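The structure file structure-v3.tsv is reproduced below (TSV, C-alpha atoms).
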```tsv
chain	number	residue	atom	x	y	z
O	744	MET	CA	0.00	0.00	0.00
O	745	THR	CA	1.46	3.38	-0.96
O	746	SER	CA	1.62	6.36	1.35
O	747	LEU	CA	-1.07	8.09	-0.68
O	748	ASP	CA	-3.39	5.09	-0.17
O	749	ARG	CA	-2.73	5.26	3.57
O	750	LYS	CA	-3.45	8.99	3.52
O	751	LEU	CA	-6.73	8.36	1.74
O	752	LEU	CA	-7.85	5.62	4.15
O	753	ARG	CA	-6.90	7.59	7.27
O	754	GLU	CA	-8.63	10.72	6.06
O	755	LEU	CA	-11.74	8.77	5.10
O	756	TRP	CA	-11.77	7.23	8.58
O	757	ARG	CA	-11.28	10.63	10.21
O	758	LEU	CA	-14.16	12.04	8.15
O	759	ARG	CA	-16.28	8.90	8.52
O	760	ALA	CA	-19.38	10.78	9.73
O	761	GLN	CA	-19.32	13.12	6.73
O	762	VAL	CA	-18.45	10.24	4.40
O	763	LEU	CA	-21.41	8.24	5.71
O	764	ALA	CA	-23.73	11.25	5.32
O	765	ILE	CA	-22.53	11.86	1.75
O	766	ALA	CA	-22.90	8.14	0.95
O	767	LEU	CA	-26.48	8.20	2.27
O	768	VAL	CA	-27.31	11.28	0.20
O	769	ILE	CA	-25.85	9.65	-2.92
O	770	ALA	CA	-27.71	6.37	-2.16
O	771	SER	CA	-30.99	8.27	-1.65
O	772	GLY	CA	-30.50	10.14	-4.91
O	773	THR	CA	-29.69	6.92	-6.76
O	774	ALA	CA	-32.73	5.18	-5.27
O	775	LEU	CA	-34.92	8.13	-6.28
O	776	LEU	CA	-33.56	8.02	-9.81
O	777	ILE	CA	-34.17	4.27	-10.08
O	778	MET	CA	-37.72	4.75	-8.76
O	779	ALA	CA	-38.41	7.50	-11.29
O	780	LEU	CA	-37.03	5.43	-14.19
O	781	THR	CA	-39.00	2.37	-13.07
O	782	THR	CA	-42.19	4.45	-12.83
O	783	ILE	CA	-41.66	5.85	-16.34
O	784	GLU	CA	-41.08	2.35	-17.69
O	785	ALA	CA	-44.17	1.00	-15.92
O	786	LEU	CA	-46.31	3.87	-17.28
O	787	GLU	CA	-45.03	3.29	-20.80
O	788	LYS	CA	-45.81	-0.43	-20.54
O	789	THR	CA	-49.26	0.34	-19.12
O	790	THR	CA	-49.94	2.77	-21.97
O	791	ALA	CA	-48.87	0.19	-24.53
O	792	ALA	CA	-50.94	-2.53	-22.87
O	793	TYR	CA	-54.00	-0.26	-22.72
O	794	TYR	CA	-53.62	0.72	-26.39
O	795	GLU	CA	-53.23	-2.96	-27.24
O	796	ARG	CA	-56.25	-4.03	-25.22
O	797	THR	CA	-58.61	-1.33	-26.46
O	798	ARG	CA	-57.11	-1.25	-29.95
O	799	PHE	CA	-56.59	2.46	-29.68
O	800	ALA	CA	-54.90	3.88	-32.73
O	801	ASP	CA	-51.29	4.90	-32.46
O	802	MET	CA	-51.73	7.48	-35.16
O	803	PHE	CA	-54.49	9.65	-36.60
O	804	ALA	CA	-54.24	11.43	-39.94
O	805	GLU	CA	-56.74	13.72	-41.61
O	806	ALA	CA	-57.39	13.96	-45.33
O	807	ARG	CA	-59.85	15.98	-47.32
O	808	ARG	CA	-60.61	13.02	-49.56
O	809	ALA	CA	-59.69	9.42	-48.72
O	810	PRO	CA	-61.12	6.92	-51.16
O	811	GLU	CA	-61.21	3.24	-50.17
O	812	TYR	CA	-58.18	2.26	-52.27
O	813	LEU	CA	-56.09	4.71	-50.25
O	814	ARG	CA	-57.03	2.80	-47.06
O	815	ARG	CA	-55.75	-0.39	-48.66
O	816	ASP	CA	-52.51	1.32	-49.71
O	817	ILE	CA	-51.99	2.57	-46.16
O	818	ALA	CA	-52.77	-0.87	-44.70
O	819	ASP	CA	-50.07	-2.33	-46.97
O	820	ILE	CA	-47.35	-0.10	-45.47
O	821	PRO	CA	-44.96	-2.32	-43.48
O	822	GLY	CA	-45.64	-2.06	-39.74
O	823	VAL	CA	-49.27	-0.96	-40.15
O	824	ARG	CA	-51.45	-3.56	-38.56
O	825	ILE	CA	-54.87	-2.02	-39.19
O	826	ALA	CA	-55.97	1.06	-41.10
O	827	GLU	CA	-59.52	2.27	-40.62
O	828	THR	CA	-61.26	5.18	-42.26
O	829	ARG	CA	-63.86	7.39	-40.67
O	830	ILE	CA	-65.78	10.43	-41.77
O	831	VAL	CA	-65.31	13.26	-39.32
O	832	GLU	CA	-67.31	16.45	-39.62
O	833	GLY	CA	-68.10	19.38	-37.40
O	834	ALA	CA	-71.58	20.82	-36.82
O	835	ILE	CA	-73.29	23.56	-34.83
O	836	LEU	CA	-76.36	22.44	-32.91
O	837	ASP	CA	-79.20	24.25	-31.25
O	838	MET	CA	-79.80	22.49	-27.95
O	839	ALA	CA	-82.41	23.12	-25.38
O	840	GLY	CA	-80.98	24.57	-22.19
O	841	PHE	CA	-77.95	26.16	-23.90
O	842	SER	CA	-78.11	29.83	-24.80
O	843	GLU	CA	-74.99	29.56	-26.98
O	844	PRO	CA	-74.76	27.27	-30.02
O	845	VAL	CA	-73.19	23.88	-29.25
O	846	VAL	CA	-70.31	22.66	-31.39
O	847	ALA	CA	-70.55	18.98	-32.30
O	848	ARG	CA	-68.02	16.59	-33.81
O	849	LEU	CA	-69.63	13.82	-35.81
O	850	ILE	CA	-67.57	10.63	-36.31
O	851	SER	CA	-68.79	7.75	-38.44
O	852	LEU	CA	-68.57	4.14	-37.26
O	853	PRO	CA	-67.45	1.27	-39.44
O	854	GLU	CA	-70.24	-0.83	-40.93
O	855	ARG	CA	-68.96	-3.92	-39.18
O	856	ALA	CA	-66.26	-4.69	-36.65
O	857	LEU	CA	-62.87	-5.40	-38.13
O	858	SER	CA	-61.52	-8.83	-37.58
O	859	PHE	CA	-57.93	-9.17	-36.29
G	239	MET	CA	36.72	23.29	2.17
G	240	GLU	CA	37.89	24.59	-1.18
G	241	LYS	CA	35.20	24.29	-3.82
G	242	ASP	CA	36.59	26.35	-6.70
G	243	ALA	CA	38.11	23.37	-8.47
G	244	SER	CA	34.89	21.40	-8.55
G	245	ALA	CA	32.54	21.29	-11.54
G	246	THR	CA	29.66	23.69	-11.94
G	247	ALA	CA	26.40	21.98	-11.02
G	248	LEU	CA	24.13	24.85	-11.95
G	249	GLN	CA	24.75	28.01	-13.88
G	250	ALA	CA	22.33	30.88	-14.38
G	251	ARG	CA	22.97	33.78	-16.72
G	252	ASP	CA	21.34	37.19	-16.97
G	253	LEU	CA	18.18	36.14	-15.17
G	254	ILE	CA	15.50	38.78	-15.31
G	255	LYS	CA	12.12	38.32	-13.69
G	256	ILE	CA	9.39	40.90	-14.03
G	257	TYR	CA	6.01	40.43	-12.36
G	258	ARG	CA	3.26	42.35	-14.10
G	259	MET	CA	0.23	43.41	-12.06
G	260	GLY	CA	-2.00	45.36	-14.42
G	261	THR	CA	0.05	48.30	-15.62
G	262	VAL	CA	2.54	47.97	-12.75
G	263	GLU	CA	5.78	46.09	-13.37
G	264	VAL	CA	7.78	44.73	-10.46
G	265	HIS	CA	11.39	43.88	-11.29
G	266	ALA	CA	12.18	40.97	-8.95
G	267	LEU	CA	15.46	40.07	-10.68
G	268	ARG	CA	17.49	42.55	-12.72
G	269	GLY	CA	20.05	40.40	-14.50
G	270	VAL	CA	21.47	37.84	-12.07
G	271	ASP	CA	24.45	35.61	-12.90
G	272	VAL	CA	25.13	32.78	-10.50
G	273	ASP	CA	27.15	29.54	-10.46
G	274	LEU	CA	26.65	26.76	-7.95
G	275	ARG	CA	29.55	24.31	-7.80
G	276	ASP	CA	29.26	20.63	-6.97
G	277	GLY	CA	29.00	20.06	-3.23
G	278	GLU	CA	29.09	23.78	-2.45
G	279	LEU	CA	27.00	25.35	0.28
G	280	VAL	CA	25.91	28.84	-0.74
G	281	VAL	CA	23.94	31.21	1.44
G	282	LEU	CA	21.80	33.86	-0.23
G	283	LEU	CA	21.54	36.77	2.14
G	284	GLY	CA	19.44	39.87	1.76
G	285	PRO	CA	16.41	41.78	2.94
G	286	SER	CA	12.84	40.76	2.18
G	287	GLY	CA	11.85	41.57	-1.39
G	288	SER	CA	15.42	41.57	-2.69
G	289	GLY	CA	14.79	38.66	-5.08
G	290	LYS	CA	16.30	35.72	-3.17
G	291	SER	CA	13.23	33.51	-3.25
G	292	THR	CA	12.50	34.40	-6.86
G	293	LEU	CA	16.01	33.30	-7.81
G	294	LEU	CA	15.74	30.07	-5.81
G	295	ASN	CA	12.36	29.26	-7.37
G	296	ILE	CA	13.80	29.76	-10.86
G	297	LEU	CA	16.92	27.70	-10.09
G	298	GLY	CA	14.67	24.93	-8.77
G	299	GLY	CA	12.35	24.97	-11.79
G	300	LEU	CA	9.37	26.18	-9.78
G	301	ASP	CA	9.16	29.47	-11.67
G	302	ARG	CA	10.19	30.75	-15.09
G	303	PRO	CA	12.37	33.78	-15.72
G	304	THR	CA	11.20	36.56	-18.00
G	305	SER	CA	14.56	36.16	-19.74
G	306	GLY	CA	17.88	34.49	-19.13
G	307	SER	CA	19.10	30.91	-19.04
G	308	VAL	CA	19.62	28.14	-16.50
G	309	VAL	CA	22.15	25.41	-17.30
G	310	PHE	CA	22.16	22.24	-15.18
G	311	ARG	CA	25.17	19.97	-15.68
G	312	ASP	CA	25.96	21.48	-19.10
G	313	ARG	CA	22.36	21.17	-20.33
G	314	GLU	CA	20.25	24.27	-20.70
G	315	LEU	CA	16.82	23.85	-19.16
G	316	ASP	CA	13.90	24.62	-21.43
G	317	MET	CA	12.10	26.84	-18.97
G	318	ASN	CA	8.97	26.89	-21.11
G	319	ASN	CA	8.61	23.11	-21.13
G	320	ALA	CA	6.54	22.01	-18.13
G	321	ARG	CA	7.55	18.34	-18.53
G	322	THR	CA	11.27	19.20	-18.59
G	323	LEU	CA	10.89	21.25	-15.43
G	324	ASN	CA	8.81	18.53	-13.80
G	325	LEU	CA	11.47	15.87	-14.45
G	326	TYR	CA	14.25	18.27	-13.41
G	327	ARG	CA	12.50	18.93	-10.10
G	328	ARG	CA	11.65	15.26	-9.57
G	329	ASN	CA	15.08	13.83	-10.32
G	330	HIS	CA	17.51	16.52	-9.30
G	331	VAL	CA	16.10	19.07	-6.85
G	332	GLY	CA	15.06	18.89	-3.22
G	333	PHE	CA	13.19	21.80	-1.65
G	334	VAL	CA	12.90	22.87	1.95
G	335	PHE	CA	10.62	25.78	2.74
G	336	GLN	CA	10.06	27.91	5.81
G	337	PHE	CA	6.82	26.06	6.50
G	338	TYR	CA	7.18	22.34	6.54
G	339	ASN	CA	4.28	21.31	4.28
G	340	LEU	CA	4.05	17.87	5.88
G	341	ILE	CA	0.92	15.79	5.44
G	342	PRO	CA	-0.73	15.62	8.88
G	343	SER	CA	-2.31	12.20	8.38
G	344	LEU	CA	1.01	10.50	7.53
G	345	THR	CA	3.82	9.60	9.91
G	346	ALA	CA	7.35	10.96	9.46
G	347	ARG	CA	8.36	7.77	7.64
G	348	GLU	CA	5.31	7.92	5.35
G	349	ASN	CA	5.86	11.60	4.57
G	350	VAL	CA	9.34	10.73	3.37
G	351	ALA	CA	8.05	7.64	1.55
G	352	LEU	CA	5.81	9.90	-0.55
G	353	VAL	CA	8.99	10.95	-2.36
G	354	THR	CA	10.89	7.66	-2.29
G	355	GLU	CA	7.95	5.88	-3.94
G	356	ILE	CA	8.38	7.94	-7.12
G	357	ALA	CA	12.11	8.66	-7.07
G	358	ARG	CA	14.63	6.83	-9.27
G	359	ASP	CA	17.30	5.90	-6.74
G	360	PRO	CA	16.06	6.84	-3.29
G	361	MET	CA	17.47	5.94	0.08
G	362	PRO	CA	15.12	4.19	2.52
G	363	PRO	CA	12.95	6.68	4.46
G	364	SER	CA	14.39	5.42	7.74
G	365	GLU	CA	17.93	6.20	6.52
G	366	ALA	CA	16.94	9.73	5.46
G	367	LEU	CA	15.30	10.34	8.82
G	368	ALA	CA	18.32	8.93	10.65
G	369	MET	CA	20.53	11.41	8.76
G	370	VAL	CA	18.58	14.30	10.25
G	371	GLY	CA	18.61	12.77	13.73
G	372	LEU	CA	15.08	11.44	13.74
G	373	GLY	CA	15.83	7.72	13.63
G	374	ASP	CA	13.73	7.26	16.75
G	375	ARG	CA	10.75	9.32	15.53
G	376	LEU	CA	9.86	7.32	12.42
G	377	ASP	CA	6.28	6.58	13.34
G	378	ARG	CA	5.33	9.91	14.86
G	379	PHE	CA	2.73	12.07	13.16
G	380	PRO	CA	3.61	15.74	12.49
G	381	ALA	CA	1.36	16.87	15.34
G	382	GLN	CA	3.48	14.74	17.71
G	383	LEU	CA	6.72	16.46	16.61
G	384	SER	CA	8.19	19.85	17.53
G	385	GLY	CA	8.68	22.56	14.90
G	386	GLY	CA	12.37	21.71	14.54
G	387	GLU	CA	11.60	18.01	14.20
G	388	GLN	CA	8.97	18.74	11.57
G	389	GLN	CA	11.46	20.83	9.63
G	390	ARG	CA	13.98	17.99	9.83
G	391	VAL	CA	11.34	15.60	8.47
G	392	ALA	CA	10.90	18.08	5.60
G	393	ILE	CA	14.67	18.01	5.04
G	394	ALA	CA	14.68	14.18	5.13
G	395	ARG	CA	11.88	14.21	2.57
G	396	ALA	CA	13.91	16.58	0.36
G	397	ILE	CA	17.12	14.53	0.51
G	398	ALA	CA	15.65	11.00	0.41
G	399	LYS	CA	15.75	10.99	-3.38
G	400	ARG	CA	19.48	11.88	-3.26
G	401	PRO	CA	19.02	15.19	-5.11
G	402	ASP	CA	21.88	16.98	-6.81
G	403	LEU	CA	20.59	20.29	-5.49
G	404	LEU	CA	19.08	21.10	-2.14
G	405	LEU	CA	17.32	24.47	-2.15
G	406	CYS	CA	16.29	25.80	1.25
G	407	ASP	CA	14.13	28.92	1.53
G	408	GLU	CA	14.34	30.29	5.05
G	409	PRO	CA	14.46	26.83	6.66
G	410	THR	CA	14.99	28.32	10.12
G	411	GLY	CA	12.62	31.26	9.65
G	412	ALA	CA	9.88	29.81	11.84
G	413	LEU	CA	12.18	28.34	14.49
G	414	ASP	CA	13.92	29.59	17.60
G	415	SER	CA	17.73	29.73	17.49
G	416	LYS	CA	18.32	26.47	19.38
G	417	THR	CA	16.00	24.51	17.09
G	418	GLY	CA	17.30	26.40	14.06
G	419	ILE	CA	20.82	25.20	14.87
G	420	LEU	CA	19.64	21.57	14.84
G	421	VAL	CA	18.10	22.16	11.41
G	422	LEU	CA	21.27	23.82	10.10
G	423	ASP	CA	23.30	20.91	11.49
G	424	ALA	CA	21.13	18.53	9.48
G	425	ILE	CA	21.56	20.59	6.29
G	426	LEU	CA	25.32	20.85	6.75
G	427	ARG	CA	25.62	17.13	7.44
G	428	ILE	CA	23.75	16.30	4.23
G	429	ASN	CA	25.87	18.78	2.27
G	430	ARG	CA	29.05	17.10	3.53
G	431	GLU	CA	28.04	13.44	3.60
G	432	LEU	CA	26.04	13.30	0.37
G	433	GLY	CA	27.91	16.08	-1.42
G	434	THR	CA	24.61	17.75	-2.23
G	435	THR	CA	25.00	21.22	-3.70
G	436	THR	CA	23.04	23.40	-1.31
G	437	ALA	CA	21.63	26.90	-1.60
G	438	LEU	CA	20.13	28.38	1.51
G	439	ILE	CA	18.18	31.60	1.76
G	440	THR	CA	18.17	33.60	4.94
G	441	HIS	CA	18.02	37.17	6.11
G	442	ASN	CA	19.89	36.20	9.25
G	443	ALA	CA	23.50	37.28	8.62
G	444	VAL	CA	24.84	34.96	11.33
G	445	ILE	CA	23.78	31.88	9.37
G	446	ALA	CA	26.04	32.97	6.49
G	447	GLU	CA	29.00	31.74	8.58
G	448	ILE	CA	28.19	28.09	7.79
G	449	ALA	CA	28.50	28.65	4.02
G	450	ASN	CA	31.36	28.20	1.58
G	451	ARG	CA	30.17	31.30	-0.21
G	452	VAL	CA	27.72	34.08	0.55
G	453	LEU	CA	25.77	36.00	-2.09
G	454	TYR	CA	24.41	39.34	-0.91
G	455	PHE	CA	21.18	40.42	-2.56
G	456	ALA	CA	19.67	43.87	-2.86
G	457	ASP	CA	17.03	45.19	-5.20
G	458	GLY	CA	16.99	42.18	-7.53
G	459	ARG	CA	20.78	41.97	-7.93
G	460	ILE	CA	23.72	40.20	-6.35
G	461	VAL	CA	25.61	43.17	-4.98
G	462	GLU	CA	28.46	41.29	-3.31
G	463	THR	CA	29.93	37.82	-3.17
G	464	ARG	CA	32.03	36.71	-0.23
G	465	ARG	CA	33.94	33.50	0.17
G	466	ASN	CA	34.27	32.31	3.76
G	467	SER	CA	37.77	31.25	4.67
G	468	GLY	CA	36.28	28.48	6.77
G	469	GLN	CA	32.84	27.18	7.60
G	470	ARG	CA	31.69	27.57	11.18
G	471	ALA	CA	29.69	24.81	12.79
G	472	PRO	CA	26.05	25.74	13.46
G	473	SER	CA	26.57	24.94	17.15
G	474	GLU	CA	29.02	27.87	17.31
G	475	LEU	CA	26.39	30.31	16.10
G	476	ALA	CA	24.00	32.35	18.23
G	477	TRP	CA	21.27	34.79	17.27
```

Rewrite the structure from the file as structure tokens, please.
Amino acid sequence: MTSLDRKLLRELWRLRAQVLAIALVIASGTALLIMALTTIEALEKTTAAYYERTRFADMFAEARRAPEYLRRDIADIPGVRIAETRIVEGAILDMAGFSEPVVARLISLPERALSF
Amino acid sequence: MEKDASATALQARDLIKIYRMGTVEVHALRGVDVDLRDGELVVLLGPSGSGKSTLLNILGGLDRPTSGSVVFRDRELDMNNARTLNLYRRNHVGFVFQFYNLIPSLTARENVALVTEIARDPMPPSEALAMVGLGDRLDRFPAQLSGGEQQRVAIARAIAKRPDLLLCDEPTGALDSKTGILVLDAILRINRELGTTTALITHNAVIAEIANRVLYFADGRIVETRRNSGQRAPSELAW
């Protein structure tokens, strides 16, 4: 063991209370970081599982005109599992009990459920 | 002891050192020529601010001159090359300062071992400490030693690597006369037994009596050089 090693060990022993306190602070910080990373990972997995279970789309895209052949082209893109087309339109409604006009968003439903 | 016939260990020529502080220039050295001969003990004597420490720091490779040259054993030192100066200091120069700069958490032996662990041909730490009369204090920590003993540990640390040059800057400055004499005894013994070329700074004129040669400094110049006809033993001195 060199003299510098001895110096290091003796000074660490002399400052053991501070060294222990610093070690605890570092350990707490590391634990907090691991907890935060684990939470993020769990949330991401939960999100993915929820999207999977409810078949929620990963991506929405709007087009002014989208004929049926375009849906097939999109479905053929590698990585696309399902492509579904909807008609989305806005409307202003007069509703009883509302003094202001009500804005509505009308979304079509597919004629039949898609099979997976 | 006649030293004129011996070879020149260190030669400095036309050393100029200017410290610049904003627009103010302080001329610490104004063209100093100095030769240190092998095995010689030279005392640099002069008032504070006369340039003694600046010269010693340049001779030891701790500082760089504004201009001028330093030649060690016929090789000019490249004062702008940090690695050259580092190796020069490590292999050839031992320093002793007014304050001991010992590491409090290491014993006397371990403080000396700090140097012997990286030196090329060191003596054992116990031998270096025995040379300065501390053979029975090897395992004492600095706090368990007197000021004179701490300074002697610093001297042992400086000489353990068998340096060619021993540069001492006010080694007795923080000590009373009795303890200072013990420290001077240790320096003189090393100078004689190891043949280490020694330069010693002091502003105590009495100490000049132990030297082969005395260089008097004033205002950044060597104003007088005196050769002592004989060296007095430190135990004969009083201040």

message = Could you check the closest approach to chain G for each of O:Arg814, O:Arg798, O:Arg757, O:Arg808 and tell me which residue wins, using all atoms listed in the file?
response =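 Going through O:Arg814, O:Arg798, O:Arg757, O:Arg808 one by one, the smallest distance to chain G is for O:Arg757.
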
ask   = What is the atom CA of Pro285 of chain G-atom CA of Gly418 of chain G distance in Å, reported with one decimal?
value =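 Between atom CA of Pro285 of chain G and atom CA of Gly418 of chain G the gap is 19.0 Å.
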
key: Point-to-point distance in Å for atom CA of Lys255 of chain G and atom CA of Tyr454 of chain G   =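 Result for atom CA of Tyr454 of chain G versus atom CA of Lys255 of chain G: 17.8 Å, one decimal.
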
Selection near Leu422 of chain G, 9 Å with all atoms listed in the file, sequence-local residues under 6 positions removed, as a short mmCIF file (atom, residue, chain, number, x, y, z; two decimals) with C-alpha atoms, in the frame of the given file:
```
data_model
loop_
_atom_site.label_atom_id
_atom_site.label_comp_id
_atom_site.auth_asym_id
_atom_site.auth_seq_id
_atom_site.Cartn_x
_atom_site.Cartn_y
_atom_site.Cartn_z
CA PRO G 409 14.46 26.83 6.66
CA THR G 410 14.99 28.32 10.12
CA ILE G 445 23.78 31.88 9.37
CA ILE G 448 28.19 28.09 7.79
CA ALA G 471 29.69 24.81 12.79
CA PRO G 472 26.05 25.74 13.46
CA SER G 473 26.57 24.94 17.15
#
```

Expected answer as JSON, numbers by chain: chain O residues within 7 Å of chain G, only C-alpha atoms = {"O": [746, 750, 753, 754]}

remark   = Correct to one decimal, the distance atom CA of Ala396 of chain G-atom CA of Arg311 of chain G is 19.9 Å

Pull N, CA, C and O atoms for segment 362-380 of chain G from the block and write them as a CSV table (one decimal), in the first residue's frame.
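Generated file (decode-v3.csv):
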```
chain,number,residue,atom,x,y,z
G,362,PRO,N,16.3,4.5,1.7
G,362,PRO,CA,15.1,4.2,2.5
G,362,PRO,C,14.7,5.4,3.4
G,362,PRO,O,15.6,6.1,3.9
G,363,PRO,N,13.4,5.6,3.6
G,363,PRO,CA,13.0,6.7,4.5
G,363,PRO,C,13.6,6.7,5.8
G,363,PRO,O,13.9,7.7,6.4
G,364,SER,N,13.8,5.5,6.4
G,364,SER,CA,14.4,5.4,7.7
G,364,SER,C,15.8,6.0,7.7
G,364,SER,O,16.3,6.6,8.7
G,365,GLU,N,16.5,5.7,6.6
G,365,GLU,CA,17.9,6.2,6.5
G,365,GLU,C,17.9,7.7,6.4
G,365,GLU,O,18.8,8.4,7.0
G,366,ALA,N,17.0,8.3,5.6
G,366,ALA,CA,16.9,9.7,5.5
G,366,ALA,C,16.6,10.4,6.8
G,366,ALA,O,17.2,11.4,7.2
G,367,LEU,N,15.7,9.8,7.5
G,367,LEU,CA,15.3,10.3,8.8
G,367,LEU,C,16.4,10.2,9.8
G,367,LEU,O,16.6,11.1,10.7
G,368,ALA,N,17.2,9.1,9.7
G,368,ALA,CA,18.3,8.9,10.7
G,368,ALA,C,19.4,10.0,10.4
G,368,ALA,O,20.0,10.5,11.3
G,369,MET,N,19.5,10.4,9.1
G,369,MET,CA,20.5,11.4,8.8
G,369,MET,C,20.2,12.8,9.4
G,369,MET,O,21.1,13.6,9.6
G,370,VAL,N,18.9,13.0,9.6
G,370,VAL,CA,18.6,14.3,10.3
G,370,VAL,C,18.3,14.1,11.8
G,370,VAL,O,17.7,15.0,12.4
G,371,GLY,N,18.7,13.0,12.3
G,371,GLY,CA,18.6,12.8,13.7
G,371,GLY,C,17.2,12.4,14.2
G,371,GLY,O,16.9,12.6,15.4
G,372,LEU,N,16.4,11.8,13.3
G,372,LEU,CA,15.1,11.4,13.7
G,372,LEU,C,14.8,9.9,13.6
G,372,LEU,O,13.7,9.5,13.4
G,373,GLY,N,15.9,9.2,13.8
G,373,GLY,CA,15.8,7.7,13.6
G,373,GLY,C,14.9,7.1,14.6
G,373,GLY,O,14.3,6.0,14.4
G,374,ASP,N,14.6,7.8,15.7
G,374,ASP,CA,13.7,7.3,16.8
G,374,ASP,C,12.3,7.9,16.7
G,374,ASP,O,11.5,7.7,17.6
G,375,ARG,N,12.1,8.7,15.6
G,375,ARG,CA,10.8,9.3,15.5
G,375,ARG,C,10.0,8.9,14.2
G,375,ARG,O,9.2,9.6,13.7
G,376,LEU,N,10.4,7.7,13.7
G,376,LEU,CA,9.9,7.3,12.4
G,376,LEU,C,8.3,7.3,12.3
G,376,LEU,O,7.8,7.7,11.3
G,377,ASP,N,7.7,6.8,13.4
G,377,ASP,CA,6.3,6.6,13.3
G,377,ASP,C,5.5,7.6,14.1
G,377,ASP,O,4.3,7.4,14.4
G,378,ARG,N,6.1,8.8,14.3
G,378,ARG,CA,5.3,9.9,14.9
G,378,ARG,C,4.6,10.7,13.8
G,378,ARG,O,5.2,10.9,12.7
G,379,PHE,N,3.4,11.2,14.1
G,379,PHE,CA,2.7,12.1,13.2
G,379,PHE,C,3.3,13.5,13.4
G,379,PHE,O,3.8,13.8,14.4
G,380,PRO,N,3.1,14.4,12.3
G,380,PRO,CA,3.6,15.7,12.5
G,380,PRO,C,3.1,16.4,13.8
G,380,PRO,O,3.9,17.2,14.4
```
